[in-house]
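To start, the structure itself, in structure tokens.
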2 protein chains.
Amino acid sequence: MLDDRKLEVLRAIVTDFVSSNEPVGSKALADRHNLGVSPATVRNDMAVLEDEGYISHPHTSAGRIPTDKGYRLFVDRLSSVKPLSVAERRAIQTFLQGADDLDDVVRRTVRLLAQVTGQVAVVQYPSLSRSVVRHLEIVQLDPSRLLLVLITDTGRVEQRSVELPSPLTDDEVAQLRVAFGGRLGGVRLADVPGVLADLPELAPPSLRPAMGCVLAVVLATLVEQPEERVALAGTANLTRSALDFPTTLRPVLESLEEQVVLLKLIGEVCDPTTVNVMIGEENSVEGLRTTSVVTVGYGPQDGAYAGLGVLGPTRMDYAGNISSVRAVARYVGELLAGS
Amino acid sequence: MLDDRKLEVLRAIVTDFVSSNEPVGSKALADRHNLGVSPATVRNDMAVLEDEGYISHPHTSAGRIPTDKGYRLFVDRLSSVKPLSVAERRAIQTFLQGADDLDDVVRRTVRLLAQVTGQVAVVQYPSLSRSVVRHLEIVQLDPSRLLLVLITDTGRVEQRSVELPSPLTDDEVAQLRVAFGGRLGGVRLADVPGVLADLPELAPPSLRPAMGCVLAVVLATLVEQPEERVALAGTANLTRSALDFPTTLRPVLESLEEQVVLLKLIGEVCDPTTVNVMIGEENSVEGLRTTSVVTVGYGPQDGAYAGLGVLGPTRMDYAGNISSVRAVARYVGELLAGS
DNA sequence: CCTGGCACTCGACCGAGACGAGTGCCAGGG
DNA sequence: CCCTGGCACTCGTCTCGGTCGAGTGCCAGG
């Protein structure tokens, strides 16, 4: 149905429309891209493409614009990978180099992504559940309150306070510390429940109530409902295409303020090897139906820490953004694995 | 120069323009507000107000709009305090009630403010330097790395890692813990340098290098350059007035992404008793010259934890926003003091 | 000092007409 | 069979002139 030339026409339409933001006509197409055929032929191809739902035109005497389906086909089969220039790679590397803190890494990353792509950037903090426990510290705030401080291999630090049923002595706290600390080091957070399952049985009776409380908090708030965090940057970039979606800007901004929404966007796919692209209506989030999202997981090869990505109008430079997102993800993954 | 009626005219212009967003003419003014004078008289007053720079008109045959100077006069002398309804107060209280975590409190507060005022809301986390140390925990990550965890009375938790010149034994770490922990409890962070000044001298020689490192980190990153954090919400509200500042939206969004800028906005005044209003050009931040900012400190009566406020177009409901900001600040202050 | 009246300004709105980009279709040619 | 050039047609955009009306500034009178 769609021979090579028609695909070529679609590609030309997408690239031209992305760069110009104006419906593209047959003549301009035939001129700019050396398709080797006349505008009339291009028109015929366009008619077919429109029948198939890949492009549409706003009104009779206007050029064509790609539909979501058209973008999808473009992304899947037509866009060639656009390798980053050496300068860009170096810029990414140096920009991320100076970071010390995990917070700092994430903040830099998200700004960098927004800058490089010119879109809205989203970076999820390394997920707790996929992280490995480096240390669990138990601090006594006052006799019957403890503070748990969890440190992961990615440098993330989480704290929770625990109300105890009865006061503990310093010595008892030390025992707790040994009991938990000794077992958790090096364990993936997802595996913590298994590791700790038999803990209450082994504890001396006097410690059991306290042990139970601490265990409950560890399991409930750190393992079962780990707090996922995300960083956001580049919302100002939405105004560039504000001419495109003037009244649509509001729902987008609203959606972006919802942590849940952001996590949904990024969390859905976290494979560090393949980049995921959601286009327009494919998007599950109401209010982001006019935008596209490019996400990828980051982390070591065998598994992902978390996801990151960019969001922009469906009319975006998919090839470029995919490359940028992938490159940034790789560098961040290495950076976190190395530290 | 400006008699009572002229002031009344200015107030009428401001209130009408704020609610309608359209230049207001003499006839409409004389009609809606019962000024007891004819449109012609109003016109004369308007001419004077314009000479004095309180109002201007976009073009010859259009109504008047307030200038920044006009808003300033309005805020300082003309706006009556608009008390919140009981329902609003209750809503604020119940909305904030459920919070447990400090993070949760701040998140809820900022959303609440954005919701109530319909503007962009900014809430600064309780400032470190004004906080009191509740606990400083020292955790040994590996032989030559420590993690410092600082907990303040407002529930804020900060952590920093320290590279040691040489490995320490468990026992030595315990000594450090006692040395610091014993002295810092209950001390205001700003007073920490004085309290710790003589610490190195008292330490056993073997501990001095490590002690020095820890001390340096505590002083440098926690006291001298404490990391201030802010939360932001309601950027979507900017789109309501997007018709007002269409191309101006971008610089505003850009400014709002800069932590530094936000801190500058809020940090300038932190008095919990008086509300601070910055109008248009008064604003020191380039790019926010078309907006007004209403801020206030929050915290216990004697001093402020930090600041919070809202930002919106100069054309905003100052009286209402001032009331809302003050009310929210009071509740948050109580909430944090109580816990 | 306020008031009504009046001429004037100037942007908003409307409709007609010209323009032109772009389309769809068709007949002819390789 | 597919490509091509030609041609009529559509329809949005732009421009222009004219009308309308809100609002002003000024002035003379009470």
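Order determines the names: the first chain of the structure tokens is A, the second B, and so forth; residues in each chain are numbered 1 upward, and ligands are numbered 1 upward as they are shown.
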
Under the rule of at most 8 Å, produce a per-residue listing of chain A near chain C: chain, number, name, the closest pair of atoms, and the distance in Å, as CSV, using only C-alpha atoms (C1' of nucleotides).
residue,atom,partner,partner_atom,distance
A:Gly25,CA,C:DG22,C1',6.4
A:Ser26,CA,C:DG22,C1',7.6
A:Thr60,CA,C:DT23,C1',6.8
A:Ser61,CA,C:DG22,C1',4.8
A:Ala62,CA,C:DG22,C1',5.6
A:Gly63,CA,C:DG22,C1',6.4

Let's have the selection written as a PDB file, in the first residue's frame, with N, CA and C atoms.
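Once written, out_39.pdb looks like this:
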ATOM      1  N   GLY A  25       3.045  22.059   1.617  1.00  0.00           N
ATOM      2  CA  GLY A  25       2.367  21.772   0.351  1.00  0.00           C
ATOM      3  C   GLY A  25       3.215  20.937  -0.593  1.00  0.00           C
ATOM      4  N   SER A  26       2.562  20.508  -1.652  1.00  0.00           N
ATOM      5  CA  SER A  26       3.226  19.582  -2.565  1.00  0.00           C
ATOM      6  C   SER A  26       4.396  20.226  -3.294  1.00  0.00           C
ATOM      7  N   THR A  60      -9.194  23.070   2.995  1.00  0.00           N
ATOM      8  CA  THR A  60      -8.982  22.665   1.611  1.00  0.00           C
ATOM      9  C   THR A  60      -7.696  23.186   0.992  1.00  0.00           C
ATOM     10  N   SER A  61      -7.493  24.469   1.126  1.00  0.00           N
ATOM     11  CA  SER A  61      -6.352  25.025   0.406  1.00  0.00           C
ATOM     12  C   SER A  61      -5.169  25.254   1.330  1.00  0.00           C
ATOM     13  N   ALA A  62      -4.874  24.262   2.116  1.00  0.00           N
ATOM     14  CA  ALA A  62      -3.706  24.376   2.977  1.00  0.00           C
ATOM     15  C   ALA A  62      -2.856  23.138   2.788  1.00  0.00           C
ATOM     16  N   GLY A  63      -1.644  23.212   3.239  1.00  0.00           N
ATOM     17  CA  GLY A  63      -0.755  22.060   3.130  1.00  0.00           C
ATOM     18  C   GLY A  63      -1.150  20.973   4.103  1.00  0.00           C
TER      19      GLY A  63
END

Compute the set of chain A residues within 12 Å of chain D, using only C-alpha atoms (C1' of nucleotides), and express it as a PDB file with C-alpha atoms, in the first residue's frame.
ATOM      1  CA  GLY A  36      12.751  13.136  -8.441  1.00  0.00           C
ATOM      2  CA  VAL A  37       9.058  13.497  -9.163  1.00  0.00           C
ATOM      3  CA  SER A  38       6.726  16.356  -9.891  1.00  0.00           C
ATOM      4  CA  PRO A  39       4.446  18.085  -7.396  1.00  0.00           C
ATOM      5  CA  ALA A  40       1.475  16.398  -9.026  1.00  0.00           C
ATOM      6  CA  THR A  41       2.815  12.983  -8.188  1.00  0.00           C
ATOM      7  CA  VAL A  42       3.526  14.111  -4.673  1.00  0.00           C
ATOM      8  CA  ARG A  43      -0.078  15.216  -4.471  1.00  0.00           C
ATOM      9  CA  ASN A  44      -1.285  11.783  -5.455  1.00  0.00           C
ATOM     10  CA  ASP A  45       0.894  10.215  -2.824  1.00  0.00           C
ATOM     11  CA  PRO A  58      -6.637  21.788   8.223  1.00  0.00           C
ATOM     12  CA  HIS A  59      -8.671  23.117   5.323  1.00  0.00           C
ATOM     13  CA  THR A  60      -8.982  22.665   1.611  1.00  0.00           C
ATOM     14  CA  SER A  61      -6.352  25.025   0.406  1.00  0.00           C
ATOM     15  CA  ALA A  62      -3.706  24.376   2.977  1.00  0.00           C
ATOM     16  CA  GLY A  63      -0.755  22.060   3.130  1.00  0.00           C
TER      17      GLY A  63
END

Select all residues from chain B having any atom no more than 6 Å from an atom of chain A (counting only C-alpha atoms, ignoring ligands), output as an mmCIF file with C-alpha atoms, in the first residue's frame.
data_model
loop_
_atom_site.group_PDB
_atom_site.id
_atom_site.type_symbol
_atom_site.label_atom_id
_atom_site.label_comp_id
_atom_site.auth_asym_id
_atom_site.auth_seq_id
_atom_site.Cartn_x
_atom_site.Cartn_y
_atom_site.Cartn_z
ATOM 1 C CA ALA B 236 -0.803 26.790 35.497
ATOM 2 C CA THR B 239 -2.242 30.941 31.820
ATOM 3 C CA ARG B 250 8.227 32.900 29.083
ATOM 4 C CA LEU B 253 8.413 30.767 33.815
ATOM 5 C CA GLU B 254 12.148 30.969 33.351
#

* To do: Could you tell me which of A:Leu311, A:Ala216, A:Ile322, A:Met316 comes closest to Phe17 of chain A if we count only C-alpha atoms?
  => A:Met316

* In Å to one decimal, how far is atom CA of Leu176 of chain B from atom CA of Leu199 of chain B? ->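 Straight-line distance from atom CA of Leu199 of chain B to atom CA of Leu176 of chain B works out to 10.4 Å.
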
* Give the strand (DSSP E or B) residues of segment 109-189 of chain A, as DSSP finds them on the backbone, and put them as a ChimeraX atom specification. => /A:120-124,132-142,145-152,157-163,188

* **helix (DSSP H, G or I) positions in segment 244-279 of chain B, given as a ChimeraX atom specification** => /B:249-256,259-267

Please produce a file of those selected residues containing N, CA and C atoms, as a PDB file, in the first residue's frame.
ATOM      1  N   LEU B 249       5.020  35.561  29.330  1.00  0.00           N
ATOM      2  CA  LEU B 249       4.914  34.333  30.111  1.00  0.00           C
ATOM      3  C   LEU B 249       6.253  33.624  30.216  1.00  0.00           C
ATOM      4  N   ARG B 250       6.967  33.642  29.123  1.00  0.00           N
ATOM      5  CA  ARG B 250       8.227  32.900  29.083  1.00  0.00           C
ATOM      6  C   ARG B 250       9.246  33.361  30.132  1.00  0.00           C
ATOM      7  N   PRO B 251       9.589  34.646  30.140  1.00  0.00           N
ATOM      8  CA  PRO B 251      10.547  35.067  31.171  1.00  0.00           C
ATOM      9  C   PRO B 251      10.069  34.762  32.578  1.00  0.00           C
ATOM     10  N   VAL B 252       8.775  34.829  32.797  1.00  0.00           N
ATOM     11  CA  VAL B 252       8.266  34.530  34.135  1.00  0.00           C
ATOM     12  C   VAL B 252       8.528  33.071  34.474  1.00  0.00           C
ATOM     13  N   LEU B 253       8.175  32.185  33.566  1.00  0.00           N
ATOM     14  CA  LEU B 253       8.413  30.767  33.815  1.00  0.00           C
ATOM     15  C   LEU B 253       9.899  30.502  34.013  1.00  0.00           C
ATOM     16  N   GLU B 254      10.703  31.163  33.205  1.00  0.00           N
ATOM     17  CA  GLU B 254      12.148  30.969  33.351  1.00  0.00           C
ATOM     18  C   GLU B 254      12.623  31.409  34.726  1.00  0.00           C
ATOM     19  N   SER B 255      12.163  32.564  35.149  1.00  0.00           N
ATOM     20  CA  SER B 255      12.583  33.056  36.460  1.00  0.00           C
ATOM     21  C   SER B 255      12.162  32.090  37.558  1.00  0.00           C
ATOM     22  N   LEU B 256      10.967  31.556  37.406  1.00  0.00           N
ATOM     23  CA  LEU B 256      10.448  30.689  38.460  1.00  0.00           C
ATOM     24  C   LEU B 256      11.223  29.386  38.558  1.00  0.00           C
ATOM     25  N   GLN B 259      16.038  28.594  41.431  1.00  0.00           N
ATOM     26  CA  GLN B 259      15.939  28.567  42.884  1.00  0.00           C
ATOM     27  C   GLN B 259      16.376  29.907  43.471  1.00  0.00           C
ATOM     28  N   VAL B 260      17.475  30.408  42.925  1.00  0.00           N
ATOM     29  CA  VAL B 260      18.040  31.640  43.454  1.00  0.00           C
ATOM     30  C   VAL B 260      17.023  32.768  43.423  1.00  0.00           C
ATOM     31  N   VAL B 261      16.343  32.863  42.294  1.00  0.00           N
ATOM     32  CA  VAL B 261      15.363  33.924  42.142  1.00  0.00           C
ATOM     33  C   VAL B 261      14.247  33.780  43.168  1.00  0.00           C
ATOM     34  N   LEU B 262      13.760  32.571  43.303  1.00  0.00           N
ATOM     35  CA  LEU B 262      12.669  32.340  44.247  1.00  0.00           C
ATOM     36  C   LEU B 262      13.098  32.709  45.665  1.00  0.00           C
ATOM     37  N   LEU B 263      14.302  32.306  46.010  1.00  0.00           N
ATOM     38  CA  LEU B 263      14.781  32.619  47.349  1.00  0.00           C
ATOM     39  C   LEU B 263      14.894  34.119  47.541  1.00  0.00           C
ATOM     40  N   LYS B 264      15.349  34.776  46.490  1.00  0.00           N
ATOM     41  CA  LYS B 264      15.487  36.224  46.567  1.00  0.00           C
ATOM     42  C   LYS B 264      14.124  36.873  46.814  1.00  0.00           C
ATOM     43  N   LEU B 265      13.145  36.397  46.080  1.00  0.00           N
ATOM     44  CA  LEU B 265      11.804  36.943  46.221  1.00  0.00           C
ATOM     45  C   LEU B 265      11.316  36.830  47.652  1.00  0.00           C
ATOM     46  N   ILE B 266      11.457  35.637  48.186  1.00  0.00           N
ATOM     47  CA  ILE B 266      10.861  35.348  49.481  1.00  0.00           C
ATOM     48  C   ILE B 266      11.754  35.763  50.620  1.00  0.00           C
ATOM     49  N   GLY B 267      13.064  35.617  50.383  1.00  0.00           N
ATOM     50  CA  GLY B 267      13.986  35.820  51.480  1.00  0.00           C
ATOM     51  C   GLY B 267      14.123  37.265  51.902  1.00  0.00           C
TER      52      GLY B 267
END

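Across the structure, atom CA of Ala12 of chain A and atom CA of Val48 of chain A are spaced 15.2 Å apart.
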